[in-house]
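The structure under discussion appears below in the form of structure tokens.
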Amino acid sequence: MEKISKREFVRRTAFCTAGLLCPAMVSAFANSSQPGKFSREAYFYTTTPRGVRCGVCPNECTLKPGEESICHNRVNYNNKLYSIAYGNPCAVHVDPVEKKPLFHFLPQSRTFSIATAGCNFACLNCQNWEISQASPNDTQNTALMPEAVVQNCITNTCESISYTYSEPISFYEYMYDTARIAHEKSIRNILVSNGYMNPEPLKKLIPFLDAANIDLKAFDSQLHLKLTGGTLQPVLDTLLTLKGSPVWLEITNLVVPSWTDSPDMIRKMCKWLVNNGFSEIPLHFSRFYPRHKLTQLPATPLNTLLKAKEIASEEGCKYVYIGNIPGKGFEDTHCPQCGKLVIERQGFTILTNNLAEGKCKFCQAKIKGVWQ
Amino acid sequence: MKQSPYLIFPIIIFLITAYLIGILLVKTGILSKVTHRKIWNSVLLITFLVSGILGLLIAIQINYKLEWPIVKKLLTWHVDFGIAMCIVSIFHLIWHLDYYVKLFQKNQPTTGPSTKTPKDVNSGRLINLLIVVLGFFTTTVQVLLIREITTVFQGNELMMAWTIGIWMFLTGSGTWLGRSFYNTNLPQIVRRIFTLLSYLPIGTIILINLCKHLFFLPGELVNPFGFLVIMIILLAPLCLLAGFAYSLLIHVQKNNKDKIINVYSFESAGSLIGGIVASFLLIRWVSISQAMLLVAIVIHLVLLFEKTTLRLIFSVSILMSGLILFFVLPVDRTIKSVLFQNQKVLKSQETFFGNLTITENAGEYSFFENGSLLFATGDIIQTEEYVHYAMLQHPAPENILLISGGISGMLDETLKYPTVKNVSYVELNSQIIKLGRLFKPLPNDNRLHVIYDDGRRFIQQSNHRFDVIILAVPDPSSLHINRFYTTEFFKILKQKITKNGVVLCAVSSSGNYLGPEKKQQEASIYNSIKGHFKYFVIIPGEKDYFIGSDSPLSANIAELSDQRNITASYVNSDYMDDRSIVNRGTQIQEQLNKLSILNTDNQPIPVFYESLHYLSQFVGRKFYWLLIPFILLLSPVLFLKPVSSAMYITGFTAASVEILLIFWFQIVLGYIYAAIGLIFAIFMGGLALGSYWGSKTAITRNHFLAGQGLLALYPLILALLWDIGKISVTGSFIWMIFIPVLLILATLTGFQYASTTFIYLPDLKKSAAIIYSADLWGSALGAILLTFFMAPLLGFKSTCLLIAGLNLIAILLNLRKQNT
């Protein structure tokens with residue numbers, strides 16, 4: 001075997017080490033500009049002496065380098081804020097639009113529904129907790145960039161795209177870009193959200209939005225905080241902003257036994273809605289089913305939901321529905337003027353339709369909604 | 001209680017109160033001891049005569065078939081006087097216990113005056129009695145308190161196993177703390193500790209309910225870590241003190257090897273009695289709080305028997321008043337009402353299979369078993385999905401088998417099909433139907449047959465063939481329930497269905513996303529069913545429904561429903577969106593197809609993933625948090641020496657193998673409540689027997705090593721037992737194998753306790769206490785590890801090999817020490 005000098009030995013060793021380190025260094029430098037393939041720099045954040053401060057929702061997380069936001073969807077990478085689930089949804093399905101629920105928006109149409117992992121709330125009763133309370137790094141995702149979402153929507157003959165299941169606010173950048181492209185191609189955009197959003201990002205999104213269903217989870221600040229981890233006021237602010245915009249709005253209130261089933265609270269909520277001009281906005285009282293951390297409560301009794309509907313009607317809400325429970329008459333639309341049955345619904349099916357060009361066939365009163 | 005024909009508890013309470021008042025009068029000098037005894041002798045005679053004469057009359061009436069209308073009344077009096085006689089004869093027995101004890105003593109004249117001083121006899125006898133009482137007390141309280149904890153904290157199997165683990169760990173620690181305890185006035189300390197012990201269970205129950213109310217939100221699933229912390233804090237006083245009492249009872253014994261080992265034997269015997277009394281008597285007749293007070297009174301009576309003090313009489317009076325209060329006022333229901341806020345508690349009753357509570361809210365009834373929501377009467381969606389998803393697949397279903405869930409409304413749905421001729425509804429807990437009927441009557445239809453049995457056992461023994469089998473059992477979160485999801489079980493089902501037969505089972509819904517734990521769990525079940533049927537389909541809904549058949553199946557439920565014209569509120573074309581259902585079902589199936597994991601009787605893997613799924617709600621995927629409690633349980637190994645480590649492994653072996661054996665028994669013969677009680681009794685009896693045998697043997701190190709060697713060999717033989725269940729054998733044959741196998745394990749464990757104690761330290765008392773601690777610590781680890789890791793992940797046979805390996809390590813450790 002050839003003898004080598006000490007100098008040669010050191011030289012060769014150095015070369016070998018450099019060779020071995022090269023791929024690692026290349027990969028390190030290659031990805032250094034952003035935390036991963038599916039990440040985008042966030043649209044709303046401020047760099048502060050304490051780190052970067054996210055501005056998309058009222059949680060306003062301040063993150064030091066390497067830290068992750070409450071919603072699991074944002075990280076501070078080299079003192080820049082990134083959304084880490086851009087173009088990488090974990091749930092992609094085609095649903096009837098009534099499932100969102102939206103009853104006054106393109107009835108019986110299909111909506112292409114997407115979600116990434118993460119949520120700015122931590123609701124005890126979340127039915128999608130496996131994705132809402134997880135980081136996009138921990139879920140099994142599908143690569144689907146905004147253009148591909150729109151294309152898939154068209155392929156599946158859907159009339160709209162829904163940003164749903166988890167919390168679209170936490171994947172704001174992905175939602176915004178997809179909505180913008182979809183809007184250009186005349187595909188409608190639906191936001192299904194808890195409404196816990198800062199006004200600025202909401203106003204930026206509104207031009208591309210066509211409909212929204214906001215979950216008003218409880219009408220008591222403390223209770224709201226205990227149940228969801230977020231406060232009530234920002235949700236009310238979102239409702240007011242959306243009402244003042246061209247976006248079609250519907251509101252869902254999940255009636256959870258022992259938590260949000262108090263008739264007094266429901267009445268207070270309905271009063272607020274009517275006094276703030278929401279009387280013609282459809283209100284869905286939804287039946288709670290034991291889920292996630294509230295598995296030891298029985299489902300909401302039908303009588304409790306009927307009582308809630310009665311209260312809402314008494315207070316002046318014009319379109320009140322009961323959801324998540326089968327039965328006749330719970331999902332029917334009556335004309336607020338003549339009281340006659342305009343749309344008879346059962347699940348995802350319309351059994352009777354007395355609506356013509358958005359008006360009641362009997363008295364010609366306008367029924368608010370986006371019907372075509 | 002109102003329906004009970006006999007006055008068991010009023011008579012017991014009345015007589016004990018009267019007896020205590022009598023003692024008080026004797027103590028104060030108002031009544032002489034002789035008069036007091038004369039009174040009670042007269043009472044005994046009267047009760048004997050009345051009960052006996054009435055018994056004779058009843059015998060005549062029955063033998064000669066006489067029509068006496070008064071006979072029912074006579075029977076009541078006969079039994080009530082019999083109860084009274086029994087109680088008074090116990091008082092009588094206590095006065096003359098010396099005589100009976102001597103009858104069984106070797107080399108002692110059975111007659112004639114005693115050579116010992118009364119005081120000596122009294123103290124020796126009392127200690128033995130106290131040891132039995134300690135065993136009785138700890139087991140009774142353990143059985144009942146764990147039930148209460150499970151009910152209050154809606155405990156799942158994971159939490160139950162942890163509670164048992166904490167219990168044994170703390171008790172072992174209590175004994176360890178008292179290993180070198182010395183005090184000149186030990187008897188008085190023992191008395192005080194026992195008095196204190198008797199109050200702790202009822203106090204713990206009150207605190208448990210209070211903690212749940214204060215620290216957890218209504219209806220909230222309990223955080224496992226919060227639960228662990230609360231359990232450690234709440235159980236510490238009771239368990240540490242009970243463990244400490246064991247040490248004290250060792251220390252009050254004479255320094256004689258027989259006597260010291262007798263503590264273990266007598267304690268096991270007491271546990272045997274406690275287990276039977278708690279499982280078969282107390283659970284049946286009284287609430288848990290009442291049972292705790294009764295146990296406290298028993299301890300007081302024993303203490304009173306030794307020395308009657310005014311303080312003790314006062315103390316027992318308080319307990320009696322408390323007990324009367326619990327009987328007269330609905331205290332239990334009031335306590336439970338706090339747990340079910342905004343719901344009206346209609347019934348809360350202990351049944352063999354756990355607490356059953358029925359609540360009402362706005363006209364709908366909810367059934368809770370062990371605090372966990374079983375079903376609610378208003379849940380139409382799930383009820384209809386279970387039934388119609390299966391029934392619609394069969395062209396003309398005639399014979400239907402429904403395992404569990406029928407009372408929720410599934411029977412009504414099944415009977416909607418005009419072709420149905422027979423519906424067999426099998427429910428393990430008969431009380432669900434008996435109590436449930438009061439609020440939700442079963443359909444009055446002669447096609448319906450209700451069977452109270454274990455579902456798997458029923459199917460194994462049934463000669464019928466069914467067109468549709470619906471398994472409406474809970475998710476496979478325990479070894480017991482997982483029996484309904486294994487490939488072996490589906491193989492049996494395949495044999496019990498007709499040519500076009502359909503089998504349906506379901507697990508909780510994966511919703512819009514199939515998480516990793518859920519995926520593993522569902523894949524194992526999916527692969528287990530799929531292998532036995534030509535066709536298979538997954539229908540997502542309120543649950544994920546798995547359907548198998550040898551005839552083609554369809555997930556187009558709306559279409560099927562339209563064709564069949566069955567009136568259902570939810571499962572119809574208005575609510576069913578076939579496109580979404582088929583798409584989602586296919587998506588799930590595609591993901592499950594990627595995994596080849598199987599759920600077998602030998603390796604019940606879904607149990608493990610079910611636990612992870614529950615934990616992931618609180619810790620995400622950071623499962624390393626689980627290591628903390630395990631490190632705690634393993635920590636004793638750090639300061640145990642090779643010999644005591646061997647006992648740690650023995651305890652581990654005994655606990656894990658006992659659970660394995662029960663698991664095997666349930667697979668082969670089914671879940672039989674009485675059998676579980678009997679298994680426990682055999683085990684405790686074996687422990688007592690083994691330790692007694694050890695105490696009578698001149699133990700050397702070789703005995704100890706041989707014992708450990710047999711424990712290493714035992715699991716290897718046990719692995720062979722597994723295959724016996726696969727052969728078609730009779731139940732009595734299984735029992736014939738099972739009883740000796742269990743008895744051998746328990747006897748070996750008891751023997752190892754004695755042998756380890758003798759060779760460990762020259763100070764036998766300290767040795768006995770430390771070895772007992774090691775035994776309990778090992779058992780704690782065994783109970784938890786087996787249920788959630790070893791059995792599901794390694795399987796029955798590999799677990800047996802692992803246990804054998806651990807025992808070999810114990811031998812090697814001790815051989816090494818011997819050589820050095």
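Going by the structure tokens order, chains are called A, B, ..., each with residues numbered from 1, while ligands are numbered from 1 in the order shown.
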
Show me, as an mmCIF file with C-alpha atoms, in the first residue's frame, every residue of chain A with an atom at most 7 Å from chain B, counting only C-alpha atoms.
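Saved file result.cif follows:
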data_model
loop_
_atom_site.group_PDB
_atom_site.id
_atom_site.type_symbol
_atom_site.label_atom_id
_atom_site.label_comp_id
_atom_site.auth_asym_id
_atom_site.auth_seq_id
_atom_site.Cartn_x
_atom_site.Cartn_y
_atom_site.Cartn_z
ATOM 1 C CA ALA A 91 -58.721 17.687 4.177
ATOM 2 C CA VAL A 94 -66.795 17.844 -2.064
ATOM 3 C CA ASP A 95 -69.853 18.736 0.040
ATOM 4 C CA ASN A 128 -62.327 18.373 13.673
ATOM 5 C CA GLU A 130 -57.491 16.016 14.876
ATOM 6 C CA ALA A 134 -52.484 19.891 15.154
ATOM 7 C CA SER A 258 -74.981 22.862 30.165
ATOM 8 C CA LYS A 293 -63.319 16.833 25.063
ATOM 9 C CA LEU A 294 -67.071 17.165 25.570
ATOM 10 C CA THR A 295 -67.886 13.524 25.018
ATOM 11 C CA GLN A 296 -69.654 13.133 28.326
ATOM 12 C CA LEU A 297 -72.567 15.391 27.451
ATOM 13 C CA PRO A 298 -75.589 14.003 25.639
ATOM 14 C CA PRO A 301 -82.463 17.654 23.144
ATOM 15 C CA ASN A 303 -87.026 20.546 22.747
ATOM 16 C CA THR A 304 -84.097 22.788 23.675
ATOM 17 C CA PRO A 326 -83.558 15.072 11.110
ATOM 18 C CA GLY A 327 -87.196 16.065 11.092
ATOM 19 C CA GLN A 346 -85.146 18.079 4.241
ATOM 20 C CA GLY A 347 -81.434 17.561 4.680
ATOM 21 C CA PHE A 348 -79.735 18.441 1.421
ATOM 22 C CA THR A 349 -82.930 18.182 -0.580
#

Q: For Pro792 (chain B), list every protein, DNA or RNA residue within 9 Å, evaluated using only C-alpha atoms, and leave out those in the same chain fewer than 6 positions away; present the list as a PyMOL selection string.
A: chain B and resi 479+602-609+786

Could you build a table of the residues in region 166-278 of chain A lying no more than 10 Å from region 137-146 of chain A, giving for each the nearest pair of atoms and their separation in Å rounded to one decimal place, using only C-alpha atoms, ordered by chain and ascending residue number, as CSV?
residue,atom,partner,partner_atom,distance
A:Tyr174,CA,A:Pro146,CA,6.9
A:Met175,CA,A:Pro146,CA,8.0
A:Tyr176,CA,A:Pro146,CA,9.1
A:Asp177,CA,A:Pro146,CA,6.4
A:Thr178,CA,A:Pro146,CA,4.4
A:Ala179,CA,A:Pro146,CA,8.1
A:Arg180,CA,A:Pro146,CA,9.1
A:Ile181,CA,A:Pro146,CA,7.3
A:Ala182,CA,A:Pro146,CA,8.5

Q. With only C-alpha atoms as the atoms that count, which of A:Phe112, A:Phe219, A:Trp248, A:Tyr163 lies nearest to Pro207 (chain A)?
A. A:Trp248

Which residues come within 9 Å of Glu350 (chain B), counting only C-alpha atoms, excluding same-chain residues fewer than 3 positions away, as a compact mmCIF listing (two decimals) with N, CA and C atoms, in the first residue's frame?
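Ended up saving to part-v4.txt:
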# COMPACT_ATOMS: atom_id res chain seq x y z
N ILE B 283 -72.12 -4.55 46.27
CA ILE B 283 -72.51 -3.92 45.00
C ILE B 283 -73.98 -4.16 44.71
N ARG B 284 -74.46 -5.29 45.12
CA ARG B 284 -75.83 -5.65 44.82
C ARG B 284 -76.83 -4.88 45.66
N TRP B 285 -76.48 -4.67 46.92
CA TRP B 285 -77.50 -4.16 47.82
C TRP B 285 -77.35 -2.71 48.28
N VAL B 286 -76.14 -2.23 48.30
CA VAL B 286 -75.99 -0.86 48.85
C VAL B 286 -75.21 0.02 47.87
N SER B 287 -75.31 1.32 48.12
CA SER B 287 -74.52 2.24 47.29
C SER B 287 -73.07 2.21 47.78
N ILE B 288 -72.17 2.79 47.00
CA ILE B 288 -70.75 2.72 47.39
C ILE B 288 -70.50 3.50 48.68
N PHE B 353 -71.73 -4.72 36.36
CA PHE B 353 -70.79 -4.26 35.34
C PHE B 353 -70.48 -2.77 35.44
N GLY B 354 -70.86 -2.17 36.54
CA GLY B 354 -70.52 -0.77 36.74
C GLY B 354 -71.74 0.04 37.14
N ASN B 355 -71.47 1.30 37.40
CA ASN B 355 -72.56 2.19 37.80
C ASN B 355 -73.42 2.54 36.59
N LEU B 356 -74.71 2.53 36.78
CA LEU B 356 -75.61 2.88 35.70
C LEU B 356 -76.43 4.10 36.15
N THR B 357 -76.32 5.17 35.41
CA THR B 357 -77.05 6.39 35.76
C THR B 357 -77.93 6.79 34.58
